[in-house]
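For reference, the structure discussed in these notes is given below.
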Amino acid sequence: MFDHAALIICGIGLFFAGLYLLTSSLRKMSGRGFRHPGQGILWGVAAGTLTQSMTAVLFMLIGLVRTGALSIDAVYPLVAGANIGSSVLVLATAFNLDLAMMLLVGVSGVLMSREKASAARFAAIAFGIGVLFLGLHQIKSGAVPLLALEPVRALLSKTQDFPVAAFAFGLALRLVVHSSVAIVILAATLASAQALTLAQAVAVVAGVVAGSGLSLWMLSAGHRGRARQVVGLGMLGNLSGAGAMLILSWIPWGDSSVALSILAALGGRIEFQVAMALCLAYVPGLALVPARRHLVRLAARWWPQTAAEGESEPRFIRDDALSDPETAIDLAMMEQRDVMRFFSRFMERARVGRPAEDVEQVFDMRLQQLNDFIESLASCELPGDAYERVASLVGSQRRIEAAGATVRDLAAQVGSCGARLSSITELVVESTDTMLLTFESVLENSDEYDLQLLRAITGDRSAALQRIRESFLARESADLDNQSRLQLLTLTNLCERLFWLMRPMIDSPLCLGGWGGPATEAAQ
């Protein structure tokens, strides 16, 4: 018993490690590739087939949605496809995939260690899939002996005259075992041994599908907002399939029911029919894909987004703007200006000594969505004079990313400095905040006076910061330990780097009113 528990615990650890690796690797490649529902279904089938776990797929999708790499509208086709894909293993139980996954982990691990390998990114995805699958294998290895215990078989046989009891048993077992595949394979095996009728096995399958949805809901109890919406959409697909399967099992058709007649028409051994029952249970969820926008609105009403998620919504860019690249370029620049307002919010948190994790999360999501939009814009068919403007957008985006990372590190460094450095941290915060607020004023209105002031503020600060360091160290040398000296050096270096990064943006179209505006012409 303890051996089986150890296998399950090991599998859970491997599962979440593989899930983290897979999510972080796919996040870098996802972009806006799932906008078409057909593509989403196919990618979902692939993800479900590879992971054989809706839990893995749902939590991966939560990670992508949280970072802004995937929109809620694109989630449901992926979920519907993943449900179909996750049932493939039941149909392929004659094949042993464990050896293939071990080879996948080994080969991809070697490729990942070679930093110059051209396939390193895909190797990272393959490695995550391999580790995740091995984790699932460990979970199943610990769970299958539990399913094969004689009391379990005896209890299943007693449900012969009570299909609802078989449904409840399948649901409860799924909540305990967390492996739909193992339970359905057991049901197929018992049906083949005539310990269960096909009707009972179908009821168990319906219970497993419903239990899968409820299990996802229970595992995500700590999530809110969009994460809860993703899980809600997944649960909806499962419950609709389980409900449809139960209804079809109760509707008479000749000497049997509609569900059993469909399975009988498919032919094959009873194990195949039980496996096909799992596949058919996911068809209703797939049929709801055309109504996905209504489902998303319903999910948003039941589980409204958090305040931070509301702030993470883009203010200007949107997918349909890509049909008019000229307008999309202007909208992207307006979005960049709006994103840069987060810089002063980081420093405001540093001023009052509050953590900035929520600001970081919103900033990262806005930046990710803006990156995806600009990448999609660059791949559009553009008029000849628009390429230079897109190149300018890309350059501004790289500078915004670098400046954002620096102001974030600066705010964190201010928070880590102790009371001994309070006078210097106050000076850094005030000077940085003044520069950022002046920058925001220029972004709002490219006034020539503010532009000149900003150019003066962001001039070479190396000598000034060096004098400040020397003066402070001379005055406080007796009270400063080595750690405080290092913090002082890091603080002033980050401040200098931020001013240096902001300086080139002053004379860019970002601050000069766009391309061909009065401020731009005056600067030229």
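Convention: chains lettered A, B, ... in structure tokens order; per-chain residue numbering from 1; ligands numbered from 1 as shown.
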Inset, instruction - Taking the chain letters and numbering used in this document, name the residues of segment 169-367 of chain A that DSSP puts in alpha helix (DSSP H), as a PyMOL selection string. - result: chain A and resi 169-177+180-192+198-219+226-250+258-266+270-281+283-287+292-302+307-311+325-339+342-352+357-367
Inset, instruction - Using only C-alpha atoms, determine which residues lie at most 10 Å from Phe342 of chain A, disregarding the query and same-chain residues fewer than 5 positions distant; provide the list as an MDAnalysis selection string. - result: chainID A and resid 337 347:348 359:360 362:363 404 407:408 436 440
Can you write just those residues out, N, CA and C atoms, as a short mmCIF file (atom, residue, chain, number, x, y, z; two decimals), in the first residue's frame?
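part-v1.cif, written as the output of this step:
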data_model
loop_
_atom_site.label_atom_id
_atom_site.label_comp_id
_atom_site.auth_asym_id
_atom_site.auth_seq_id
_atom_site.Cartn_x
_atom_site.Cartn_y
_atom_site.Cartn_z
N ARG A 337 2.42 53.65 -25.61
CA ARG A 337 2.40 54.81 -24.71
C ARG A 337 1.64 54.49 -23.42
N MET A 347 7.46 52.74 -9.28
CA MET A 347 8.15 53.62 -8.35
C MET A 347 7.23 54.10 -7.24
N GLU A 348 5.95 54.23 -7.53
CA GLU A 348 5.00 54.63 -6.50
C GLU A 348 4.92 53.55 -5.41
N VAL A 359 1.21 44.70 -10.00
CA VAL A 359 1.59 45.58 -11.11
C VAL A 359 2.45 44.83 -12.11
N GLU A 360 3.37 44.00 -11.62
CA GLU A 360 4.22 43.21 -12.50
C GLU A 360 3.38 42.28 -13.38
N VAL A 362 0.19 42.55 -14.32
CA VAL A 362 -0.56 43.29 -15.33
C VAL A 362 0.37 43.81 -16.42
N PHE A 363 1.51 44.35 -16.03
CA PHE A 363 2.47 44.87 -16.99
C PHE A 363 2.94 43.76 -17.94
N GLY A 404 11.35 48.55 -18.76
CA GLY A 404 10.42 47.97 -17.79
C GLY A 404 11.12 47.02 -16.84
N VAL A 407 13.23 49.27 -14.39
CA VAL A 407 12.48 49.99 -13.36
C VAL A 407 11.89 49.01 -12.35
N ARG A 408 11.58 47.81 -12.79
CA ARG A 408 11.11 46.78 -11.87
C ARG A 408 12.22 46.38 -10.89
N LEU A 436 9.96 60.03 -14.74
CA LEU A 436 8.90 59.21 -15.32
C LEU A 436 7.60 59.99 -15.48
N GLU A 440 5.57 60.82 -18.87
CA GLU A 440 4.14 60.59 -19.11
C GLU A 440 3.47 61.84 -19.66
#
Inset, instruction - Can you pull out every residue within 10 Å of Val107 of chain A, counting only C-alpha atoms, but drop anything in the same chain fewer than 4 positions away, and send it as a PyMOL selection string? - result: chain A and resi 101-103+111-112+123+126-127
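Distances here use only C-alpha atoms; by that measure, the residue among A:Leu437, A:Val79, A:Val414, A:Leu288 closest to Ser484 of chain A is A:Val414.
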Inset, instruction - Determine the nearest neighbour of Leu248 of chain A from the options A:Pro284, A:Gly213, A:Pro504, A:Gly48, counting only C-alpha atoms. - result: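 Among A:Pro284, A:Gly213, A:Pro504, A:Gly48, it is A:Pro284 that comes nearest to Leu248 of chain A.
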Legend entry - Residue nearest Val181 of chain A among A:Leu453, A:Leu278, A:Leu498, A:Val231 (counting only C-alpha atoms):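 Nearest candidate to Val181 of chain A out of A:Leu453, A:Leu278, A:Leu498, A:Val231: A:Leu278.
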With a distance cut-off of 12 Å and only C-alpha atoms, select the neighbouring residues of Met502 of chain A, excluding the residue or stretch itself and same-chain residues fewer than 6 positions from it, and output the selection as a compact mmCIF listing (two decimals) with all heavy atoms, in the first residue's frame.
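Heads up, here's the output in part00.txt:
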# COMPACT_ATOMS: atom_id res chain seq x y z
N MET A 340 3.66 52.24 -21.04
CA MET A 340 4.77 52.91 -20.35
C MET A 340 4.33 53.64 -19.08
O MET A 340 5.17 53.98 -18.24
CB MET A 340 5.46 53.89 -21.31
CG MET A 340 6.23 53.21 -22.44
SD MET A 340 7.07 54.38 -23.50
CE MET A 340 8.31 55.01 -22.36
N PHE A 343 5.50 52.35 -15.56
CA PHE A 343 6.80 52.60 -14.95
C PHE A 343 6.66 53.40 -13.66
O PHE A 343 7.26 53.07 -12.63
CB PHE A 343 7.70 53.35 -15.93
CG PHE A 343 8.08 52.56 -17.16
CD1 PHE A 343 8.74 53.16 -18.22
CD2 PHE A 343 7.79 51.22 -17.25
CE1 PHE A 343 9.10 52.45 -19.34
CE2 PHE A 343 8.13 50.48 -18.39
CZ PHE A 343 8.79 51.10 -19.42
N SER A 396 11.02 50.37 -30.51
CA SER A 396 10.44 50.95 -29.30
C SER A 396 10.02 49.87 -28.32
O SER A 396 10.19 50.01 -27.10
CB SER A 396 9.24 51.82 -29.66
OG SER A 396 9.62 52.92 -30.44
N ARG A 398 11.35 46.89 -27.91
CA ARG A 398 12.53 46.33 -27.23
C ARG A 398 13.03 47.27 -26.14
O ARG A 398 13.44 46.83 -25.06
CB ARG A 398 13.65 46.07 -28.24
CG ARG A 398 13.32 45.09 -29.36
CD ARG A 398 13.18 43.66 -28.87
NE ARG A 398 11.85 43.38 -28.32
CZ ARG A 398 10.81 43.07 -29.06
NH1 ARG A 398 10.90 43.02 -30.37
NH2 ARG A 398 9.64 42.80 -28.49
N ARG A 399 12.99 48.58 -26.41
CA ARG A 399 13.43 49.54 -25.40
C ARG A 399 12.47 49.58 -24.21
O ARG A 399 12.89 49.72 -23.06
CB ARG A 399 13.59 50.93 -26.03
CG ARG A 399 14.82 51.08 -26.90
CD ARG A 399 15.04 52.52 -27.30
NE ARG A 399 14.08 52.96 -28.30
CZ ARG A 399 14.27 52.88 -29.61
NH1 ARG A 399 15.40 52.34 -30.08
NH2 ARG A 399 13.36 53.32 -30.45
N ILE A 400 11.16 49.46 -24.50
CA ILE A 400 10.17 49.44 -23.41
C ILE A 400 10.38 48.21 -22.53
O ILE A 400 10.30 48.28 -21.31
CB ILE A 400 8.74 49.47 -23.99
CG1 ILE A 400 8.46 50.83 -24.64
CG2 ILE A 400 7.71 49.17 -22.91
CD1 ILE A 400 7.16 50.88 -25.41
N GLU A 401 10.65 47.06 -23.15
CA GLU A 401 10.90 45.84 -22.38
C GLU A 401 12.12 46.01 -21.48
O GLU A 401 12.09 45.64 -20.29
CB GLU A 401 11.11 44.66 -23.34
CG GLU A 401 9.85 44.22 -24.06
CD GLU A 401 10.14 43.14 -25.09
OE1 GLU A 401 11.34 42.89 -25.37
OE2 GLU A 401 9.19 42.56 -25.63
N ALA A 402 13.21 46.56 -22.05
CA ALA A 402 14.42 46.74 -21.26
C ALA A 402 14.21 47.75 -20.13
O ALA A 402 14.63 47.52 -18.99
CB ALA A 402 15.57 47.20 -22.18
N ALA A 403 13.54 48.87 -20.44
CA ALA A 403 13.28 49.87 -19.41
C ALA A 403 12.34 49.33 -18.35
O ALA A 403 12.51 49.60 -17.14
CB ALA A 403 12.70 51.14 -20.04
N GLY A 404 11.35 48.55 -18.76
CA GLY A 404 10.42 47.97 -17.79
C GLY A 404 11.12 47.02 -16.84
O GLY A 404 10.85 47.02 -15.63
N THR A 406 14.23 47.15 -16.02
CA THR A 406 15.13 47.93 -15.16
C THR A 406 14.37 48.65 -14.06
O THR A 406 14.79 48.65 -12.89
CB THR A 406 15.91 48.95 -16.01
OG1 THR A 406 16.64 48.25 -17.03
CG2 THR A 406 16.88 49.74 -15.16
N VAL A 407 13.23 49.27 -14.39
CA VAL A 407 12.48 49.99 -13.36
C VAL A 407 11.89 49.01 -12.35
O VAL A 407 11.78 49.32 -11.16
CB VAL A 407 11.38 50.87 -14.02
CG1 VAL A 407 10.21 50.04 -14.50
CG2 VAL A 407 10.88 51.92 -13.03
N THR A 432 13.85 59.64 -9.97
CA THR A 432 13.32 58.72 -10.99
C THR A 432 11.85 58.99 -11.24
O THR A 432 11.39 59.01 -12.39
CB THR A 432 13.52 57.27 -10.54
OG1 THR A 432 14.91 57.04 -10.30
CG2 THR A 432 13.04 56.31 -11.62
N MET A 435 11.35 62.09 -13.35
CA MET A 435 11.62 61.82 -14.76
C MET A 435 10.48 61.05 -15.42
O MET A 435 10.03 61.37 -16.52
CB MET A 435 12.93 61.03 -14.88
CG MET A 435 13.35 60.72 -16.33
SD MET A 435 12.69 59.15 -16.96
CE MET A 435 13.63 57.98 -15.97
N LEU A 436 9.96 60.03 -14.74
CA LEU A 436 8.90 59.21 -15.32
C LEU A 436 7.60 59.99 -15.48
O LEU A 436 6.89 59.83 -16.48
CB LEU A 436 8.68 57.97 -14.45
CG LEU A 436 9.84 56.96 -14.42
CD1 LEU A 436 9.55 55.85 -13.42
CD2 LEU A 436 10.08 56.37 -15.82
N THR A 438 7.34 63.24 -15.88
CA THR A 438 7.57 64.17 -17.01
C THR A 438 7.44 63.43 -18.33
O THR A 438 6.89 63.95 -19.31
CB THR A 438 8.96 64.82 -16.89
OG1 THR A 438 9.10 65.43 -15.61
CG2 THR A 438 9.16 65.88 -17.97
N PHE A 439 7.95 62.21 -18.36
CA PHE A 439 7.83 61.39 -19.56
C PHE A 439 6.37 61.12 -19.89
O PHE A 439 5.95 61.18 -21.06
CB PHE A 439 8.57 60.07 -19.35
CG PHE A 439 9.18 59.51 -20.60
CD1 PHE A 439 10.51 59.70 -20.88
CD2 PHE A 439 8.41 58.81 -21.51
CE1 PHE A 439 11.08 59.20 -22.03
CE2 PHE A 439 8.96 58.29 -22.66
CZ PHE A 439 10.30 58.49 -22.93
N GLU A 440 5.57 60.82 -18.87
CA GLU A 440 4.14 60.59 -19.11
C GLU A 440 3.47 61.84 -19.66
O GLU A 440 2.58 61.76 -20.52
CB GLU A 440 3.46 60.15 -17.81
CG GLU A 440 3.81 58.75 -17.37
CD GLU A 440 3.01 58.31 -16.16
OE1 GLU A 440 2.02 59.00 -15.82
OE2 GLU A 440 3.37 57.28 -15.56
N LEU A 454 12.83 67.17 -20.44
CA LEU A 454 13.10 65.74 -20.35
C LEU A 454 14.49 65.41 -20.91
O LEU A 454 15.20 64.55 -20.37
CB LEU A 454 12.02 64.96 -21.11
CG LEU A 454 11.90 63.46 -20.84
CD1 LEU A 454 11.72 63.20 -19.35
CD2 LEU A 454 10.74 62.88 -21.62
N ARG A 455 14.88 66.10 -21.97
CA ARG A 455 16.23 65.88 -22.50
C ARG A 455 17.29 66.27 -21.47
O ARG A 455 18.33 65.59 -21.34
CB ARG A 455 16.42 66.69 -23.80
CG ARG A 455 15.60 66.17 -24.98
CD ARG A 455 15.98 66.90 -26.27
NE ARG A 455 15.15 66.46 -27.37
CZ ARG A 455 14.11 67.15 -27.85
NH1 ARG A 455 13.79 68.33 -27.29
NH2 ARG A 455 13.40 66.69 -28.85
N ILE A 457 16.84 66.29 -18.16
CA ILE A 457 16.78 65.37 -17.03
C ILE A 457 17.49 64.06 -17.34
O ILE A 457 18.18 63.49 -16.49
CB ILE A 457 15.31 65.10 -16.63
CG1 ILE A 457 14.65 66.36 -16.07
CG2 ILE A 457 15.21 63.98 -15.60
CD1 ILE A 457 13.18 66.20 -15.78
N THR A 458 17.33 63.57 -18.57
CA THR A 458 17.86 62.25 -18.94
C THR A 458 19.24 62.34 -19.57
O THR A 458 19.67 61.39 -20.24
CB THR A 458 16.90 61.54 -19.92
OG1 THR A 458 16.71 62.39 -21.06
CG2 THR A 458 15.58 61.24 -19.26
N GLY A 459 19.94 63.47 -19.38
CA GLY A 459 21.31 63.55 -19.89
C GLY A 459 22.21 62.58 -19.15
O GLY A 459 21.78 61.78 -18.31
N ASP A 460 23.48 62.64 -19.44
CA ASP A 460 24.45 61.73 -18.83
C ASP A 460 24.47 61.95 -17.31
O ASP A 460 24.85 63.02 -16.83
CB ASP A 460 25.84 61.99 -19.42
CG ASP A 460 26.85 60.95 -18.94
OD1 ASP A 460 26.46 60.05 -18.18
OD2 ASP A 460 28.03 61.07 -19.33
N CYS A 495 19.62 52.99 -11.46
CA CYS A 495 19.09 54.32 -11.74
C CYS A 495 19.74 54.90 -12.99
O CYS A 495 19.06 55.44 -13.88
CB CYS A 495 19.32 55.22 -10.54
SG CYS A 495 18.65 56.88 -10.74
N GLU A 496 21.05 54.79 -13.08
CA GLU A 496 21.77 55.30 -14.26
C GLU A 496 21.33 54.57 -15.53
O GLU A 496 21.14 55.20 -16.57
CB GLU A 496 23.27 55.11 -14.04
CG GLU A 496 24.12 55.63 -15.19
CD GLU A 496 25.60 55.42 -14.93
OE1 GLU A 496 25.98 55.01 -13.82
OE2 GLU A 496 26.38 55.66 -15.87
N SER A 508 12.07 59.75 -30.41
CA SER A 508 11.43 58.76 -31.28
C SER A 508 9.99 59.18 -31.56
O SER A 508 9.44 60.02 -30.84
CB SER A 508 11.47 57.38 -30.61
OG SER A 508 10.57 57.36 -29.51
N LEU A 510 7.48 57.81 -30.73
CA LEU A 510 6.68 57.52 -29.55
C LEU A 510 6.39 58.78 -28.74
O LEU A 510 5.28 58.95 -28.21
CB LEU A 510 7.44 56.51 -28.68
CG LEU A 510 6.66 55.75 -27.61
CD1 LEU A 510 5.60 54.87 -28.23
CD2 LEU A 510 7.63 54.91 -26.77
N CYS A 511 7.37 59.68 -28.65
CA CYS A 511 7.21 60.91 -27.88
C CYS A 511 6.97 62.14 -28.74
O CYS A 511 6.57 63.19 -28.23
CB CYS A 511 8.45 61.17 -27.02
SG CYS A 511 8.63 60.04 -25.63
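With distances restricted to only C-alpha atoms, A:Leu236 is the closest residue to Arg292 of chain A from A:Ala386, A:Val65, A:Ala206, A:Leu236.
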Inset, instruction - Find the residue from A:Leu512, A:Leu175, A:Ala474, A:Val339 that sits nearest to Asn445 of chain A; use only C-alpha atoms when measuring. - result: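 Using only C-alpha atoms, Asn445 of chain A sits closest to A:Leu512.
For the choices A:Ala264, A:Val274, A:Val184, A:Ala291, the atom-to-atom distance to Gly170 of chain A is smallest for A:Val184 when using only C-alpha atoms.
If you look at atom CA of Trp253 of chain A and atom CA of Ala199 of chain A, they are 13.4 Å away from each other.
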Inset, instruction - Would you list the contacts of segment 318-330 of chain A as number ranges by chain, taking every protein, DNA or RNA residue within 8 Å and counting only C-alpha atoms, but skipping same-chain residues closer than 3 positions in sequence? - result: A: 314, 333-334, 373, 376-377, 380-382, 386, 389-390, 393, 514
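Computed from the coordinates, the atom CA of Gly285 of chain A to atom CA of Ile247 of chain A distance equals 14.9 Å.
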Legend entry - Residue contacts of Ala168 of chain A (12 Å, only C-alpha atoms) excluding same-chain residues fewer than 6 positions away, as a PyMOL selection string: chain A and resi 155-156+159+162+174-175+200-211+242+246
Inset, instruction - Using backbone DSSP assignments, extract all strand (DSSP E) residues from segment 234-460 of chain A; output them as a VMD selection string. - result: chain A and resid 252 to 253 256 to 257
Next, write the just-selected residues to a file, as a PDB file, in the first residue's frame, keeping C-alpha atoms as the atom set.
ATOM      1  CA  PRO A 252     -35.198   3.381 -25.813  1.00  0.00           C
ATOM      2  CA  TRP A 253     -34.295   2.297 -29.345  1.00  0.00           C
ATOM      3  CA  SER A 256     -31.877  -1.394 -26.370  1.00  0.00           C
ATOM      4  CA  SER A 257     -31.161   2.311 -25.914  1.00  0.00           C
TER       5      SER A 257
END
